[in-house]
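Engineer: Handing you this structure, nothing more for now.
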Amino acid sequence: MRVIFLGTSSFALPPLKSLMESVHELVLVVTRPPRGAGRGRKPRNPPVADYAVAHKLELLQPDKLTNDVISYLHALEPDVMVSAAYGAWLPRKLLESAPLGVVNIHPSLLPAYRGAAPVARAIIDGEDETGVSFMLTDSGWDTGPLLESFRERIMPDDTTGLLEERLSNIAAANMQAVIERYAAGSIIPEPQKGKTVYAEKISSAETWLDWSMSAEQLERQVRAFQPFPGARTEHLGNMIKLIKVIPVSMESAPGEITIEENTLFIGCGEGSLRILTLQPASKRIMDTADYLRGTSMRTGDKLDR
């Protein structure tokens, strides 16, 4: 088959690599244009663009999927398009540009966790299972008929980064078989069934930890916000990102600091968090013991937020 691939983030890289290594003809990679990143907001290519350039793949980075862009894609005569974490709505005209449509790879068991942050939301909600769904894209957000789903356990220490990597590899391992069986007619697209859950994009406000919540809830948030955007708190006006924490049964007031033998605990609405690693603003990630040797933080201090 002639295939066009649409993807942007690192989640899309293993499926793209799998497609490159298949018998199918990868005629074009479509990704988003460079975006400002870092302190200076210097334009930076998305991971898929860097990968495509490194492997000398035909690459297109449109600002928008205009009629001219869609006409160009249609003229390439793809049999099917495959999308993974492209990050933009696909117009109906584009969906009709290939006879087999657009097969989308989504990191959840649809219809659970439709939307922008399915992995992080599943971790926050304390789910013990998620997966990868292959679906046909329609005019809605992750509402199209399913081709096949693959289940994966959420481990107690999973971060969004770790879990997304596993799900991406599962998608890559199964992608060729799914699109080939779909093209051959042995997979019939079926409407999504079950309870619909929406996974809204993580907002900046959510990344500030609410210490009135339980230690278990906050520990899940810390894992869900890793490696990006990071779970944040503040001490004496200085922002700190919490990287790795453990819930413990110690009771103290929400946001209250306890330091015992170079070990940092923060009180929660129920229980406390033991802080293992953290990252002060504009500094490297460090063990808590190293941080405590150079800070004015003391037992009894209260976090600003």
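In the structure tokens, the first chain shown is A, the next is B, and so on; residue numbers restart at 1 for each chain, and ligands run from 1 in the order shown.
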Leaving out Asp301 (chain A) and any residue of its chain fewer than 4 positions from it, which residues lie within 9 Å of it when counting only C-alpha atoms, given as an MDAnalysis selection string?
Structural biologist: chainID A and resid 235 255:258 297
Engineer: Using C-alpha atoms, can you write the selected residues to a file as a PDB file, in the first residue's frame?
Structural biologist:
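Everything below was put into selection-v5.pdb:
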ATOM      1  CA  HIS A 235       8.576  27.588  49.162  1.00  0.00           C
ATOM      2  CA  GLY A 255       1.659  21.744  53.078  1.00  0.00           C
ATOM      3  CA  GLU A 256       3.649  21.525  56.333  1.00  0.00           C
ATOM      4  CA  ILE A 257       7.298  20.503  56.026  1.00  0.00           C
ATOM      5  CA  THR A 258       8.966  17.887  58.206  1.00  0.00           C
ATOM      6  CA  MET A 297      13.864  24.941  54.393  1.00  0.00           C
TER       7      MET A 297
END
Engineer: Using DSSP on the backbone coordinates, identify all residues within region 24-205 of chain A classified as alpha helix (DSSP H); present the result as a short mmCIF file (atom, residue, chain, number, x, y, z; two decimals) with N, CA and C atoms, in the first residue's frame.
Structural biologist:
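Output file out15.cif is given in full below:
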data_model
loop_
_atom_site.label_atom_id
_atom_site.label_comp_id
_atom_site.auth_asym_id
_atom_site.auth_seq_id
_atom_site.Cartn_x
_atom_site.Cartn_y
_atom_site.Cartn_z
N PRO A 47 9.75 16.03 17.29
CA PRO A 47 10.53 14.81 17.13
C PRO A 47 10.34 14.11 15.79
N VAL A 48 9.12 14.07 15.29
CA VAL A 48 8.87 13.38 14.01
C VAL A 48 9.61 14.08 12.87
N ALA A 49 9.67 15.41 12.89
CA ALA A 49 10.39 16.12 11.83
C ALA A 49 11.88 15.79 11.87
N ASP A 50 12.47 15.81 13.07
CA ASP A 50 13.89 15.47 13.19
C ASP A 50 14.16 14.05 12.69
N TYR A 51 13.27 13.13 13.05
CA TYR A 51 13.45 11.74 12.63
C TYR A 51 13.34 11.60 11.11
N ALA A 52 12.37 12.28 10.53
CA ALA A 52 12.18 12.21 9.08
C ALA A 52 13.39 12.77 8.33
N VAL A 53 13.91 13.89 8.81
CA VAL A 53 15.09 14.48 8.17
C VAL A 53 16.28 13.54 8.28
N ALA A 54 16.48 12.96 9.48
CA ALA A 54 17.61 12.06 9.70
C ALA A 54 17.56 10.83 8.80
N ASN A 67 -6.95 23.54 1.96
CA ASN A 67 -7.39 22.81 0.77
C ASN A 67 -6.23 22.50 -0.17
N ASP A 68 -5.29 23.44 -0.29
CA ASP A 68 -4.14 23.21 -1.15
C ASP A 68 -3.29 22.05 -0.62
N VAL A 69 -3.09 22.02 0.68
CA VAL A 69 -2.32 20.91 1.28
C VAL A 69 -3.03 19.59 1.06
N ILE A 70 -4.33 19.58 1.30
CA ILE A 70 -5.11 18.34 1.14
C ILE A 70 -5.10 17.88 -0.32
N SER A 71 -5.19 18.82 -1.23
CA SER A 71 -5.13 18.46 -2.66
C SER A 71 -3.78 17.83 -3.00
N TYR A 72 -2.72 18.34 -2.41
CA TYR A 72 -1.39 17.77 -2.62
C TYR A 72 -1.33 16.33 -2.09
N LEU A 73 -1.87 16.11 -0.89
CA LEU A 73 -1.88 14.76 -0.33
C LEU A 73 -2.70 13.81 -1.20
N HIS A 74 -3.84 14.28 -1.66
CA HIS A 74 -4.71 13.46 -2.50
C HIS A 74 -4.00 13.09 -3.81
N ALA A 75 -3.23 14.02 -4.35
CA ALA A 75 -2.53 13.77 -5.62
C ALA A 75 -1.47 12.69 -5.49
N ARG A 92 -12.64 16.97 7.07
CA ARG A 92 -13.32 15.86 6.40
C ARG A 92 -12.73 15.60 5.01
N LYS A 93 -12.38 16.67 4.30
CA LYS A 93 -11.82 16.50 2.96
C LYS A 93 -10.55 15.67 3.00
N LEU A 94 -9.75 15.86 4.04
CA LEU A 94 -8.53 15.06 4.17
C LEU A 94 -8.88 13.60 4.47
N LEU A 95 -9.89 13.38 5.32
CA LEU A 95 -10.29 12.01 5.68
C LEU A 95 -10.75 11.23 4.46
N PRO A 118 -4.79 11.35 27.37
CA PRO A 118 -5.35 10.08 27.85
C PRO A 118 -4.46 9.33 28.83
N VAL A 119 -3.15 9.38 28.65
CA VAL A 119 -2.26 8.63 29.53
C VAL A 119 -2.18 9.29 30.90
N ALA A 120 -1.95 10.60 30.93
CA ALA A 120 -1.87 11.32 32.20
C ALA A 120 -3.17 11.21 32.99
N ARG A 121 -4.31 11.34 32.32
CA ARG A 121 -5.60 11.28 33.03
C ARG A 121 -5.85 9.89 33.60
N ALA A 122 -5.45 8.85 32.89
CA ALA A 122 -5.64 7.50 33.42
C ALA A 122 -4.82 7.28 34.68
N ILE A 123 -3.59 7.82 34.70
CA ILE A 123 -2.75 7.71 35.90
C ILE A 123 -3.35 8.50 37.05
N ILE A 124 -3.76 9.74 36.79
CA ILE A 124 -4.37 10.59 37.83
C ILE A 124 -5.59 9.91 38.44
N THR A 160 3.81 9.22 33.07
CA THR A 160 3.26 9.35 31.72
C THR A 160 4.31 9.01 30.67
N GLY A 161 5.54 9.43 30.89
CA GLY A 161 6.59 9.14 29.93
C GLY A 161 6.84 7.65 29.76
N LEU A 162 6.94 6.92 30.87
CA LEU A 162 7.19 5.48 30.80
C LEU A 162 6.03 4.74 30.15
N LEU A 163 4.82 5.09 30.54
CA LEU A 163 3.66 4.39 30.01
C LEU A 163 3.44 4.72 28.53
N GLU A 164 3.61 5.97 28.14
CA GLU A 164 3.48 6.32 26.73
C GLU A 164 4.49 5.56 25.86
N GLU A 165 5.70 5.39 26.38
CA GLU A 165 6.71 4.66 25.62
C GLU A 165 6.27 3.21 25.39
N ARG A 166 5.75 2.56 26.43
CA ARG A 166 5.29 1.18 26.26
C ARG A 166 4.12 1.10 25.28
N LEU A 167 3.18 2.03 25.41
CA LEU A 167 2.01 2.01 24.53
C LEU A 167 2.42 2.27 23.08
N SER A 168 3.37 3.16 22.89
CA SER A 168 3.85 3.43 21.54
C SER A 168 4.49 2.19 20.93
N ASN A 169 5.26 1.47 21.72
CA ASN A 169 5.89 0.24 21.22
C ASN A 169 4.85 -0.84 20.92
N ILE A 170 3.79 -0.90 21.73
CA ILE A 170 2.70 -1.84 21.44
C ILE A 170 2.04 -1.48 20.12
N ALA A 171 1.80 -0.19 19.92
CA ALA A 171 1.21 0.26 18.66
C ALA A 171 2.09 -0.11 17.47
N ALA A 172 3.40 0.11 17.62
CA ALA A 172 4.32 -0.20 16.53
C ALA A 172 4.34 -1.69 16.21
N ALA A 173 4.28 -2.51 17.26
CA ALA A 173 4.35 -3.96 17.06
C ALA A 173 3.12 -4.51 16.35
N ASN A 174 2.00 -3.79 16.45
CA ASN A 174 0.75 -4.30 15.89
C ASN A 174 0.24 -3.54 14.68
N MET A 175 0.86 -2.41 14.36
CA MET A 175 0.32 -1.53 13.34
C MET A 175 0.23 -2.19 11.97
N GLN A 176 1.31 -2.84 11.54
CA GLN A 176 1.31 -3.42 10.21
C GLN A 176 0.18 -4.44 10.05
N ALA A 177 0.05 -5.33 11.05
CA ALA A 177 -0.99 -6.36 10.97
C ALA A 177 -2.38 -5.74 10.94
N VAL A 178 -2.60 -4.69 11.73
CA VAL A 178 -3.93 -4.07 11.79
C VAL A 178 -4.29 -3.45 10.45
N ILE A 179 -3.39 -2.65 9.87
CA ILE A 179 -3.76 -1.98 8.62
C ILE A 179 -3.88 -2.99 7.47
N GLU A 180 -3.08 -4.05 7.51
CA GLU A 180 -3.17 -5.06 6.45
C GLU A 180 -4.47 -5.85 6.55
N ARG A 181 -4.86 -6.22 7.76
CA ARG A 181 -6.11 -6.96 7.94
C ARG A 181 -7.32 -6.08 7.63
N TYR A 182 -7.20 -4.80 7.99
CA TYR A 182 -8.27 -3.85 7.66
C TYR A 182 -8.40 -3.70 6.14
N ALA A 183 -7.27 -3.56 5.44
CA ALA A 183 -7.29 -3.42 3.99
C ALA A 183 -7.84 -4.66 3.31
N ALA A 184 -7.57 -5.84 3.91
CA ALA A 184 -8.03 -7.10 3.32
C ALA A 184 -9.49 -7.41 3.65
#
Engineer: From region 105-200 of chain A, collect each residue whose DSSP state is strand (DSSP E) and return the set as a VMD selection string.
Structural biologist: chain A and resid 105 to 106 114 to 115 129 to 136 146 to 153 198 to 199
Engineer: Now that the selection is made, can you save its residues with C-alpha atoms as a short mmCIF file (atom, residue, chain, number, x, y, z; two decimals), in the first residue's frame?
Structural biologist:
data_model
loop_
_atom_site.label_atom_id
_atom_site.label_comp_id
_atom_site.auth_asym_id
_atom_site.auth_seq_id
_atom_site.Cartn_x
_atom_site.Cartn_y
_atom_site.Cartn_z
CA ILE A 105 -3.47 5.30 16.92
CA HIS A 106 -4.82 6.47 20.29
CA ARG A 114 -10.82 10.40 24.42
CA GLY A 115 -8.93 13.65 24.02
CA GLU A 129 -5.31 -0.70 32.94
CA THR A 130 -5.19 1.21 29.69
CA GLY A 131 -4.16 0.32 26.15
CA VAL A 132 -3.86 1.29 22.51
CA SER A 133 -6.80 1.68 20.14
CA PHE A 134 -6.67 1.69 16.34
CA MET A 135 -9.65 3.57 14.97
CA LEU A 136 -10.88 5.23 11.80
CA LEU A 146 -12.69 0.89 16.21
CA LEU A 147 -10.50 -1.52 14.29
CA GLU A 148 -8.71 -3.19 17.21
CA SER A 149 -7.53 -2.50 20.78
CA PHE A 150 -4.63 -3.86 22.81
CA ARG A 151 -4.64 -3.80 26.62
CA GLU A 152 -1.75 -2.83 28.89
CA ARG A 153 -1.44 -2.75 32.68
CA TYR A 198 -12.86 12.65 28.16
CA ALA A 199 -9.19 13.35 28.86
#
Engineer: Can you tell me how far CA of Tyr86 (chain A) sits from CA of Ile243 (chain A), in Å to one decimal?
Structural biologist: 27.4 Å
Engineer: Select, from A:Ser22, A:Ser272, A:Gln192, A:Thr277, the residue with the minimum atom-to-atom distance to Pro254 (chain A), counting only C-alpha atoms.
Structural biologist: A:Ser272
Engineer: Quick one: of A:Ala253, A:Glu261, A:Thr196, A:Met239, who's nearest to Leu109 (chain A), counting only C-alpha atoms?
Structural biologist: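 Ranked by minimum distance to Leu109 (chain A), first place goes to A:Thr196.
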Engineer: Do you know which residues are at most 6 Å from region 27-35 of chain A counting only C-alpha atoms, after dropping those on the same chain fewer than 5 positions away, and could you put them as a list in words?
Structural biologist: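 Everything that qualifies: Val3, Ile4, Phe5, Leu6, Gly7, Thr8, Pro43, Arg44, Asn45, Glu58, Leu59, Leu60 and Gln61 of chain A.
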Engineer: Take the selection from the previous step and output its residues with C-alpha atoms, as a PDB file, in the first residue's frame.
Structural biologist:
ATOM      1  CA  VAL A   3       0.857   5.246   2.999  1.00  0.00           C
ATOM      2  CA  ILE A   4       0.985   8.829   4.279  1.00  0.00           C
ATOM      3  CA  PHE A   5       1.949   9.175   7.962  1.00  0.00           C
ATOM      4  CA  LEU A   6       0.834  12.059  10.194  1.00  0.00           C
ATOM      5  CA  GLY A   7       2.506  12.477  13.581  1.00  0.00           C
ATOM      6  CA  THR A   8       4.294  15.001  15.752  1.00  0.00           C
ATOM      7  CA  PRO A  43      11.876  27.495  17.243  1.00  0.00           C
ATOM      8  CA  ARG A  44      12.385  23.753  17.587  1.00  0.00           C
ATOM      9  CA  ASN A  45      11.332  20.970  15.262  1.00  0.00           C
ATOM     10  CA  GLU A  58       9.757  13.066   2.290  1.00  0.00           C
ATOM     11  CA  LEU A  59       8.498  15.645   4.811  1.00  0.00           C
ATOM     12  CA  LEU A  60       5.731  18.261   4.872  1.00  0.00           C
ATOM     13  CA  GLN A  61       5.183  20.712   7.760  1.00  0.00           C
TER      14      GLN A  61
END
